[in-house]
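Shown next: work04.cif, given as mmCIF, C-alpha atoms and all ligand atoms.
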```cif
data_structure
#
loop_
_atom_site.label_atom_id
_atom_site.label_comp_id
_atom_site.auth_asym_id
_atom_site.auth_seq_id
_atom_site.Cartn_x
_atom_site.Cartn_y
_atom_site.Cartn_z
CA MET A 1 261.67 57.40 435.86
CA ILE A 2 262.66 54.45 433.67
CA ARG A 3 259.88 52.73 431.72
CA SER A 4 259.95 49.49 429.71
CA ILE A 5 259.06 50.30 426.09
CA LEU A 6 258.02 47.68 423.51
CA LEU A 7 260.70 47.78 420.80
CA GLY A 8 259.72 44.77 418.67
CA THR A 9 257.72 41.55 418.43
CA GLY A 10 258.23 38.20 416.70
CA SER A 11 256.73 34.73 416.55
CA ALA A 12 257.30 31.27 415.12
CA LEU A 13 255.15 28.23 414.42
CA PRO A 14 256.07 24.65 413.57
CA ALA A 15 255.88 23.77 409.86
CA ARG A 16 253.01 21.28 410.26
CA ALA A 17 249.46 22.63 410.56
CA VAL A 18 246.87 20.15 411.85
CA PRO A 19 243.25 21.15 411.14
CA ASN A 20 240.43 19.65 413.24
CA ALA A 21 239.40 17.29 410.43
CA GLU A 22 242.85 15.68 410.42
CA LEU A 23 242.74 15.23 414.21
CA ALA A 24 239.29 13.63 413.91
CA GLN A 25 240.85 10.80 411.87
CA THR A 26 242.73 9.52 414.94
CA VAL A 27 240.82 11.03 417.91
CA ASP A 28 237.12 10.38 418.74
CA THR A 29 236.05 13.97 418.01
CA SER A 30 234.69 16.17 415.22
CA ASP A 31 235.38 19.54 413.64
CA GLU A 32 231.84 20.62 414.69
CA TRP A 33 232.39 19.82 418.39
CA ILE A 34 235.79 21.52 418.57
CA VAL A 35 234.65 24.68 416.74
CA GLU A 36 231.40 25.00 418.73
CA ARG A 37 232.95 24.41 422.18
CA THR A 38 236.31 26.18 421.70
CA GLY A 39 236.50 28.19 418.45
CA ILE A 40 239.63 26.20 417.50
CA ARG A 41 239.94 25.22 413.81
CA ASN A 42 243.65 24.49 413.55
CA ARG A 43 246.83 23.98 415.58
CA TYR A 44 250.52 23.53 414.72
CA ILE A 45 252.41 20.46 415.91
CA ALA A 46 256.20 20.39 416.24
CA ALA A 47 258.13 17.73 414.34
CA ASP A 48 261.20 15.93 415.73
CA GLY A 49 263.91 18.58 415.86
CA GLU A 50 261.44 21.44 416.32
CA THR A 51 261.65 22.16 420.04
CA THR A 52 260.67 24.82 422.54
CA ALA A 53 264.17 26.34 422.23
CA THR A 54 264.34 26.22 418.40
CA LEU A 55 260.91 27.85 418.08
CA ALA A 56 261.86 30.39 420.76
CA THR A 57 265.06 31.23 418.86
CA LEU A 58 263.14 31.87 415.61
CA ALA A 59 260.64 34.10 417.42
CA ALA A 60 263.50 35.90 419.21
CA ARG A 61 265.35 36.60 415.95
CA ALA A 62 262.19 38.09 414.43
CA ALA A 63 261.65 40.31 417.49
CA ILE A 64 265.31 41.44 417.55
CA ASP A 65 265.08 42.31 413.82
CA ALA A 66 261.83 44.21 414.36
CA ALA A 67 263.51 46.19 417.16
CA GLY A 68 266.42 47.03 414.83
CA LEU A 69 268.94 45.60 417.30
CA GLU A 70 271.89 43.21 417.16
CA PRO A 71 271.59 40.15 419.46
CA GLY A 72 274.60 41.41 421.44
CA ALA A 73 272.50 44.35 422.69
CA ILE A 74 270.30 41.96 424.72
CA ASP A 75 271.31 41.80 428.39
CA LEU A 76 268.37 39.76 429.73
CA ILE A 77 266.50 36.72 428.36
CA ILE A 78 263.46 35.36 430.18
CA LEU A 79 261.76 32.37 428.59
CA ALA A 80 258.34 31.34 429.85
CA THR A 81 257.67 27.66 429.27
CA ALA A 82 256.22 24.54 430.85
CA THR A 83 257.82 22.34 428.18
CA PRO A 84 261.58 23.02 428.34
CA ASP A 85 264.02 21.13 426.07
CA GLN A 86 265.81 19.73 429.12
CA THR A 87 264.90 19.55 432.81
CA PHE A 88 267.98 21.75 433.17
CA PRO A 89 269.63 23.99 432.13
CA ALA A 90 267.05 26.64 431.36
CA SER A 91 265.96 26.72 427.72
CA ALA A 92 266.70 30.46 427.84
CA THR A 93 270.40 29.57 427.83
CA LEU A 94 269.90 27.43 424.69
CA VAL A 95 268.32 30.46 423.02
CA GLN A 96 271.18 32.65 424.25
CA ALA A 97 273.76 30.29 422.71
CA ALA A 98 271.80 29.99 419.44
CA LEU A 99 271.65 33.78 419.17
CA GLY A 100 275.41 34.03 419.79
CA ILE A 101 275.08 36.23 422.87
CA ASP A 102 278.25 35.75 424.95
CA ASP A 103 277.06 37.13 428.27
CA CYS A 104 273.67 38.12 429.60
CA VAL A 105 271.20 37.06 432.29
CA ALA A 106 269.11 34.09 431.05
CA PHE A 107 266.54 32.00 432.89
CA ASP A 108 263.16 30.28 432.47
CA VAL A 109 259.90 31.08 434.22
CA ALA A 110 257.35 28.34 434.92
CA ALA A 111 253.83 29.72 435.30
CA VAL A 112 252.23 27.67 432.50
CA CYS A 113 249.66 29.69 430.49
CA SER A 114 250.37 32.83 432.56
CA GLY A 115 254.11 32.37 432.07
CA PHE A 116 254.50 35.20 429.59
CA LEU A 117 252.74 37.66 431.93
CA TYR A 118 255.02 36.52 434.77
CA ALA A 119 258.14 36.82 432.57
CA LEU A 120 257.10 40.24 431.31
CA THR A 121 256.48 41.53 434.82
CA VAL A 122 259.88 40.29 436.05
CA ALA A 123 261.62 41.82 433.00
CA ASP A 124 259.82 45.13 433.58
CA SER A 125 260.90 45.14 437.25
CA MET A 126 264.54 44.42 436.31
CA ILE A 127 264.52 47.16 433.68
CA ARG A 128 262.99 49.73 436.01
CA SER A 129 265.48 48.83 438.77
CA GLY A 130 268.41 49.26 436.36
CA ALA A 131 269.38 45.54 436.42
CA ALA A 132 268.74 45.24 432.66
CA SER A 133 268.30 47.60 429.72
CA ARG A 134 267.34 45.44 426.70
CA ALA A 135 265.21 42.41 427.56
CA LEU A 136 264.15 39.54 425.30
CA VAL A 137 260.96 38.05 426.76
CA ILE A 138 259.72 34.84 425.16
CA GLY A 139 256.81 32.44 425.56
CA SER A 140 257.50 29.14 423.83
CA GLU A 141 255.85 25.74 424.16
CA THR A 142 255.66 22.27 422.65
CA PHE A 143 252.56 21.09 424.52
CA SER A 144 252.06 18.35 421.90
CA ARG A 145 254.80 16.45 423.79
CA ILE A 146 252.85 16.41 427.09
CA LEU A 147 249.37 15.69 425.71
CA ASP A 148 247.63 12.37 426.25
CA TRP A 149 246.53 11.72 422.67
CA GLU A 150 244.00 9.16 424.00
CA ASP A 151 242.21 11.88 426.01
CA ARG A 152 239.90 13.76 423.65
CA THR A 153 238.89 16.22 426.39
CA THR A 154 242.39 17.78 426.35
CA CYS A 155 244.37 16.78 423.24
CA VAL A 156 242.21 18.77 420.82
CA LEU A 157 242.75 22.03 422.73
CA PHE A 158 246.49 22.69 422.53
CA GLY A 159 249.14 23.52 419.95
CA ASP A 160 252.83 24.42 419.69
CA GLY A 161 254.42 27.79 418.96
CA ALA A 162 256.47 30.72 420.23
CA GLY A 163 256.18 34.49 420.58
CA ALA A 164 258.77 37.03 421.68
CA ILE A 165 259.12 40.70 422.45
CA ILE A 166 261.97 43.12 423.09
CA LEU A 167 261.60 45.58 425.95
CA GLY A 168 263.93 48.56 426.24
CA GLY A 169 264.43 50.82 429.25
CA GLU A 170 263.90 54.51 428.47
CA GLU A 171 263.89 57.57 430.70
CA SER A 172 260.44 59.15 430.78
CA ALA A 173 259.16 62.21 432.57
CA ASP A 174 255.58 61.53 431.36
CA ASP A 175 253.38 60.20 434.17
CA ASN A 176 250.09 60.92 432.38
CA PRO A 177 248.52 57.48 431.69
CA ALA A 178 246.74 58.93 428.65
CA THR A 179 250.04 59.58 426.87
CA ALA A 180 252.89 57.73 428.63
CA ARG A 181 254.43 54.88 426.61
CA GLY A 182 255.56 51.48 427.82
CA ILE A 183 254.38 49.19 430.60
CA LEU A 184 252.04 51.27 432.78
CA ALA A 185 250.80 48.58 435.18
CA ALA A 186 251.07 44.85 435.81
CA LYS A 187 249.43 42.53 438.34
CA LEU A 188 250.04 38.84 439.01
CA HIS A 189 248.20 36.28 441.13
CA ALA A 190 248.51 32.61 442.12
CA ASP A 191 246.29 30.26 444.09
CA GLY A 192 248.00 26.90 444.59
CA ARG A 193 244.91 25.23 446.04
CA HIS A 194 243.70 24.44 442.52
CA ASN A 195 246.62 22.22 441.46
CA GLN A 196 244.39 19.22 440.71
CA LEU A 197 242.20 21.09 438.21
CA LEU A 198 245.06 21.57 435.72
CA TYR A 199 248.41 19.81 436.08
CA VAL A 200 250.89 17.35 434.57
CA ASP A 201 250.97 13.93 436.24
CA GLY A 202 254.75 13.57 436.28
CA GLY A 203 257.99 15.37 437.07
CA PRO A 204 261.68 14.83 437.86
CA SER A 205 261.20 14.79 441.64
CA THR A 206 258.08 12.61 441.80
CA THR A 207 257.71 10.04 439.02
CA GLY A 208 260.98 10.65 437.23
CA THR A 209 258.95 10.99 434.03
CA VAL A 210 257.71 13.97 432.05
CA GLY A 211 254.01 13.14 432.57
CA LYS A 212 250.86 14.10 430.68
CA LEU A 213 248.51 17.07 430.97
CA ARG A 214 245.31 16.53 433.00
CA MET A 215 242.50 19.08 433.19
CA LYS A 216 239.00 19.43 434.60
CA GLY A 217 237.95 21.76 431.79
CA GLN A 218 234.61 23.01 433.06
CA GLU A 219 235.99 24.04 436.45
CA VAL A 220 239.00 25.75 434.87
CA PHE A 221 236.59 27.60 432.57
CA ARG A 222 234.54 28.96 435.48
CA HIS A 223 237.62 30.17 437.40
CA ALA A 224 239.12 31.69 434.22
CA VAL A 225 236.15 33.96 433.48
CA VAL A 226 235.93 35.24 437.08
CA ASN A 227 239.70 35.67 437.65
CA LEU A 228 240.38 37.33 434.30
CA ALA A 229 237.62 39.92 434.60
CA SER A 230 238.77 40.66 438.15
CA VAL A 231 242.50 41.09 437.34
CA LEU A 232 241.67 43.20 434.28
CA ASN A 233 239.64 45.63 436.37
CA GLU A 234 242.40 45.60 438.99
CA VAL A 235 245.21 46.38 436.54
CA MET A 236 243.23 49.14 434.81
CA ALA A 237 242.62 50.77 438.21
CA ILE A 238 246.38 50.58 439.01
CA ALA A 239 247.06 52.29 435.66
CA GLY A 240 244.46 54.97 436.48
CA MET A 241 242.20 53.98 433.59
CA SER A 242 239.03 52.07 432.85
CA ALA A 243 238.18 49.24 430.43
CA GLN A 244 236.75 51.87 428.07
CA ASP A 245 240.30 53.20 427.49
CA ILE A 246 241.50 49.88 426.03
CA ASP A 247 242.29 49.93 422.30
CA TRP A 248 243.22 46.23 422.10
CA LEU A 249 242.80 43.34 424.50
CA VAL A 250 245.32 40.58 423.75
CA PRO A 251 244.13 37.66 425.86
CA HIS A 252 245.49 34.19 426.48
CA GLN A 253 243.96 32.09 423.70
CA ALA A 254 242.38 29.11 425.49
CA ASN A 255 238.79 29.14 424.30
CA ALA A 256 236.79 31.62 422.18
CA ARG A 257 233.93 31.36 424.69
CA ILE A 258 236.25 32.56 427.50
CA LEU A 259 237.32 35.50 425.31
CA ASP A 260 233.67 36.41 424.60
CA ALA A 261 232.66 36.10 428.26
CA THR A 262 235.61 38.24 429.43
CA ALA A 263 234.85 40.96 426.86
CA ARG A 264 231.17 40.95 427.90
CA LYS A 265 232.06 41.28 431.59
CA LEU A 266 234.27 44.30 430.79
CA LYS A 267 231.65 45.74 428.40
CA LEU A 268 234.38 45.73 425.76
CA SER A 269 233.45 45.45 422.06
CA PRO A 270 234.50 42.06 420.58
CA ASP A 271 236.16 44.12 417.78
CA LYS A 272 238.81 45.16 420.30
CA VAL A 273 239.79 41.60 421.19
CA VAL A 274 242.65 39.97 419.27
CA VAL A 275 241.61 36.37 418.54
CA THR A 276 244.04 33.75 417.22
CA VAL A 277 242.71 30.67 419.03
CA ASP A 278 241.03 29.59 415.78
CA ARG A 279 244.41 29.35 414.01
CA HIS A 280 246.85 28.39 416.80
CA ALA A 281 244.67 26.69 419.49
CA ASN A 282 245.99 27.08 423.05
CA THR A 283 249.78 27.48 422.95
CA SER A 284 250.05 28.12 426.71
CA ALA A 285 252.83 30.66 427.49
CA ALA A 286 253.26 31.39 423.77
CA SER A 287 249.68 32.43 423.11
CA VAL A 288 249.79 36.07 424.26
CA PRO A 289 253.06 37.07 422.51
CA LEU A 290 251.98 35.11 419.39
CA ALA A 291 248.66 36.98 419.25
CA LEU A 292 250.42 40.30 419.96
CA ASP A 293 252.86 39.71 417.09
CA VAL A 294 250.03 38.80 414.69
CA ALA A 295 248.13 42.01 415.49
CA VAL A 296 251.26 44.22 415.34
CA ARG A 297 252.32 42.76 411.99
CA ASP A 298 248.86 42.95 410.38
CA GLY A 299 248.70 46.63 411.35
CA ARG A 300 245.85 46.47 413.89
CA ILE A 301 248.04 47.44 416.87
CA LYS A 302 249.73 50.76 416.16
CA PRO A 303 252.01 53.19 418.03
CA GLY A 304 250.04 55.05 420.69
CA ASP A 305 247.50 52.24 421.21
CA LEU A 306 246.65 51.12 424.73
CA VAL A 307 247.07 47.35 424.80
CA VAL A 308 246.11 45.06 427.67
CA LEU A 309 247.53 41.56 427.96
CA GLU A 310 246.01 38.88 430.21
CA ALA A 311 246.34 35.17 430.94
CA MET A 312 245.21 32.45 433.33
CA GLY A 313 246.49 28.92 433.67
CA GLY A 314 247.71 26.00 435.77
CA GLY A 315 248.56 26.67 439.38
CA PHE A 316 246.23 28.50 439.20
CA THR A 317 248.22 31.51 438.08
CA TRP A 318 246.83 34.59 436.38
CA GLY A 319 247.77 38.14 435.57
CA ALA A 320 247.39 41.20 433.35
CA CYS A 321 249.54 44.02 432.01
CA VAL A 322 248.71 47.47 430.60
CA LEU A 323 251.05 48.70 427.88
CA ARG A 324 251.05 51.74 425.60
CA ILE A 325 252.77 50.94 422.30
O1 LIG B 401 245.03 27.40 429.17
C1 LIG B 401 244.64 27.04 430.45
C2 LIG B 401 243.26 27.34 430.66
N1 LIG B 401 242.42 26.32 430.08
C3 LIG B 401 241.19 26.63 429.81
O2 LIG B 401 240.84 27.77 429.96
C4 LIG B 401 240.24 25.55 429.36
C5 LIG B 401 238.90 25.84 429.95
N2 LIG B 401 237.87 24.88 429.62
C6 LIG B 401 237.31 24.79 428.39
O3 LIG B 401 237.73 25.47 427.47
C7 LIG B 401 236.11 23.88 428.20
O4 LIG B 401 235.65 23.47 429.46
C8 LIG B 401 236.41 22.65 427.32
C9 LIG B 401 236.61 23.08 425.88
C10 LIG B 401 237.64 21.92 427.83
C11 LIG B 401 235.23 21.66 427.35
O5 LIG B 401 234.03 22.32 426.95
P1 LIG B 401 232.67 22.08 427.76
O6 LIG B 401 231.63 22.83 427.07
O7 LIG B 401 232.98 22.42 429.19
O8 LIG B 401 232.44 20.53 427.53
P2 LIG B 401 232.30 19.38 428.60
O9 LIG B 401 233.62 19.10 429.24
O10 LIG B 401 231.14 19.69 429.49
O11 LIG B 401 231.92 18.15 427.69
C12 LIG B 401 230.66 18.10 427.01
C13 LIG B 401 230.55 16.79 426.28
C14 LIG B 401 230.86 15.58 427.12
O12 LIG B 401 229.98 14.54 426.73
P3 LIG B 401 228.70 14.17 427.64
O13 LIG B 401 229.26 13.83 428.99
O14 LIG B 401 227.87 15.43 427.65
O15 LIG B 401 228.11 13.02 426.91
C15 LIG B 401 232.26 15.19 426.69
O16 LIG B 401 232.52 13.83 426.83
O17 LIG B 401 231.47 16.77 425.18
C16 LIG B 401 232.25 15.57 425.23
N3 LIG B 401 233.58 15.84 424.72
C17 LIG B 401 233.89 15.75 423.42
N4 LIG B 401 233.18 15.39 422.34
C18 LIG B 401 233.82 15.43 421.15
C19 LIG B 401 234.65 16.26 425.41
N5 LIG B 401 235.69 16.45 424.57
C20 LIG B 401 235.25 16.13 423.33
C21 LIG B 401 235.84 16.12 422.06
N6 LIG B 401 235.10 15.78 421.00
N7 LIG B 401 237.14 16.49 421.87
#
```

For the structure just supplied, provide its representation as structure tokens.
Ligand code: UT7
Amino acid sequence: MIRSILLGTGSALPARAVPNAELAQTVDTSDEWIVERTGIRNRYIAADGETTATLATLAARAAIDAAGLEPGAIDLIILATATPDQTFPASATLVQAALGIDDCVAFDVAAVCSGFLYALTVADSMIRSGAASRALVIGSETFSRILDWEDRTTCVLFGDGAGAIILGGEESADDNPATARGILAAKLHADGRHNQLLYVDGGPSTTGTVGKLRMKGQEVFRHAVVNLASVLNEVMAIAGMSAQDIDWLVPHQANARILDATARKLKLSPDKVVVTVDRHANTSAASVPLALDVAVRDGRIKPGDLVVLEAMGGGFTWGACVLRI
């Protein structure tokens, strides 16, 4: 069978870091409140000229280098984003052009904070079906552009950034989950009834404007803890393993309290959870590949490790993926 193997990771952040104290100069909030309620200490905010596509391109180059490939080897680009550079064409095609790739498949996926899990699952399916062999999967966002900076209940929570991975199709005869490399299981969900709990109040077909992010935080929080624990158990069962087999959980970085609650529900040691929400805040579709790249580059995630990725966001959408490095 063909499996999708992780060949490399990369990430990129805007130049400007904005610690809580700086935000508190213009927003009615405090470092104490933000740290206590969310674990966030800092976020990065894109300047004019730093866009979803430029950040995605930087992350993509780093991932392609880490994989030891030339850009021309990429035959599929999927970019997960809710903040594209243009309404159309897909920002993935901007990345393709910036990388100098003449011909490949390139499109965006819109599943907000779960976007990277959706993009990864589609890329894995295309690789296993033979439709692609070297996939660049990116999560990139500039949420600072869709925040209402007058709304302290949301604007302190998000940041900008990008993360990318390269997946390569490889023949494998190993069907033992304890040793097989690559993507071993993935599971996605959506429940569109919850639109009004987390959405943007604009769009091309309704208001003709971009709109601003609106969220009922407490209700999203409650759904997140339940849905994430459930999909994690589900995906581990599909892979033929249990939570105790996980070496590293790389979760969507929305709130440190959600990460703690999810780990507790799975009876997983907090030492096995990669946490970057303190440094990056919630970067939506970028948060999982950003955190993955951080933990690969600092040497925590090593070849042979069993890594589980998960995310939940607007829609609602949520999902998880089991991957041996
Ligand atoms: O990525 C997509 C998924 N998104 C999420 O997972 C987000 C999930 N939700 C959360 O992370 C949390 O619900 C929040 C961080 C958004 C809010 O935390 P909370 O503990 O649920 O706080 P709260 O909304 O109940 O607000 C508590 C108080 C309120 O004041 P009163 O009504 O008790 O007087 C708020 O007005 O905190 C106040 N407050 C703030 N105070 C200072 C809300 N935002 C702020 C702020 N600074 N930025």

Within 12 Å of Pro84 (chain A) using only C-alpha atoms, minus same-chain residues under 2 positions, as a PyMOL selection string: chain A and resi 51-56+79-82+86-95+107-110+112+139-143+145-146+210+285

Neighbour list for Ile183 (chain A) as a VMD selection string, cut-off 6 Å, only C-alpha atoms, skip fewer than 3 positions in-chain: chain A and resid 4 322 to 323

Among listed residues A:Val235, A:Ala67, A:Val274, A:Ala24, nearest ligand LIG 401 (chain B) (using all atoms listed in the file): A:Ala24

Contacts to ligand LIG 401 (chain B) at 6 Å cut-off (only C-alpha atoms and all ligand atoms) as an MDAnalysis selection string: chainID A and resid 29:30 33 37:38 113 152:153 156 217:218 220:221 254:255 284 313

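The two atoms in question, CA of Leu167 (chain A) and CA of His189 (chain A), are spaced 22.3 Å apart.
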
Separation of CA of Gly168 (chain A) from CA of Met1 (chain A) in Å: 13.3 Å

Within-6 Å shell of (258.4, 29.5, 418.6) in input frame, only C-alpha atoms, as JSON, numbers by chain: {"A": [11, 12, 13, 55, 56, 59, 140, 161, 162, 163]}

Need to verify the contact set: Leu198 (chain A), 12 Å, all atoms listed in the file, exclusion of same-chain residues closer than 3 positions in sequence. Can you return it as a PDB file with C-alpha atoms, keeping the file's coordinate frame?
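Writing the result to part_0.pdb gives the following:
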```pdb
ATOM      1  CA  ALA A 111     253.830  29.720 435.300  1.00  0.00           C
ATOM      2  CA  VAL A 112     252.230  27.670 432.500  1.00  0.00           C
ATOM      3  CA  CYS A 113     249.660  29.690 430.490  1.00  0.00           C
ATOM      4  CA  THR A 154     242.390  17.780 426.350  1.00  0.00           C
ATOM      5  CA  GLY A 192     248.000  26.900 444.590  1.00  0.00           C
ATOM      6  CA  ARG A 193     244.910  25.230 446.040  1.00  0.00           C
ATOM      7  CA  HIS A 194     243.700  24.440 442.520  1.00  0.00           C
ATOM      8  CA  ASN A 195     246.620  22.220 441.460  1.00  0.00           C
ATOM      9  CA  ASP A 201     250.970  13.930 436.240  1.00  0.00           C
ATOM     10  CA  LYS A 212     250.860  14.100 430.680  1.00  0.00           C
ATOM     11  CA  LEU A 213     248.510  17.070 430.970  1.00  0.00           C
ATOM     12  CA  ARG A 214     245.310  16.530 433.000  1.00  0.00           C
ATOM     13  CA  MET A 215     242.500  19.080 433.190  1.00  0.00           C
ATOM     14  CA  LYS A 216     239.000  19.430 434.600  1.00  0.00           C
ATOM     15  CA  GLY A 217     237.950  21.760 431.790  1.00  0.00           C
ATOM     16  CA  GLN A 218     234.610  23.010 433.060  1.00  0.00           C
ATOM     17  CA  GLU A 219     235.990  24.040 436.450  1.00  0.00           C
ATOM     18  CA  VAL A 220     239.000  25.750 434.870  1.00  0.00           C
ATOM     19  CA  PHE A 221     236.590  27.600 432.570  1.00  0.00           C
ATOM     20  CA  HIS A 223     237.620  30.170 437.400  1.00  0.00           C
ATOM     21  CA  ALA A 224     239.120  31.690 434.220  1.00  0.00           C
ATOM     22  CA  MET A 312     245.210  32.450 433.330  1.00  0.00           C
ATOM     23  CA  GLY A 313     246.490  28.920 433.670  1.00  0.00           C
ATOM     24  CA  GLY A 314     247.710  26.000 435.770  1.00  0.00           C
ATOM     25  CA  GLY A 315     248.560  26.670 439.380  1.00  0.00           C
ATOM     26  CA  PHE A 316     246.230  28.500 439.200  1.00  0.00           C
ATOM     27  CA  THR A 317     248.220  31.510 438.080  1.00  0.00           C
TER      28      THR A 317
END
```

Separation of CA of Arg222 (chain A) from CA of Asp293 (chain A) in Å: 28.1 Å

Pick from A:Leu228, A:Leu6, A:Leu259, A:Ile166 nearest to Gly319 (chain A), counting only C-alpha atoms: A:Leu228

Among the residues A:Ser133, A:Thr276, A:Asn227, A:Thr206, the one that comes closest to Ile5 (chain A) [using all atoms listed in the file]: A:Ser133

Test item: residues at most 12 Å from Met126 (chain A), all atoms listed in the file, excluding those fewer than 2 positions along its chain, as a PyMOL selection string: chain A and resi 2-4+75-78+105+119-124+128-135+167-169

Spatial neighbours of Cys321 (chain A), max dist 10 Å, all atoms listed in the file, sep filter under 5 positions, as an MDAnalysis selection string: chainID A and resid 117:118 120:121 183:188 231:232 235:236 239 250 307:311

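Distance annotation: of A:Gly39, A:Gly299, A:Pro204, A:Gly240, the residue with the minimal separation from Ala180 (chain A) is A:Gly240; atom set is only C-alpha atoms.
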
Find the axis-aligned box for region 265-277 of chain A, covering all its listed atoms and adding 6 Å on each side, and write its centre and edge lengths in Å to one decimal as JSON.
```
{"center_x": 237.8, "center_y": 38.2, "center_z": 424.4, "size_x": 24.4, "size_y": 27.1, "size_z": 26.4}
```

Sphere at (243.4, 11.2, 422.1), radius 6 Å, counting all atoms listed in the file: residues as a PyMOL selection string: chain A and resi 27+149-152+155
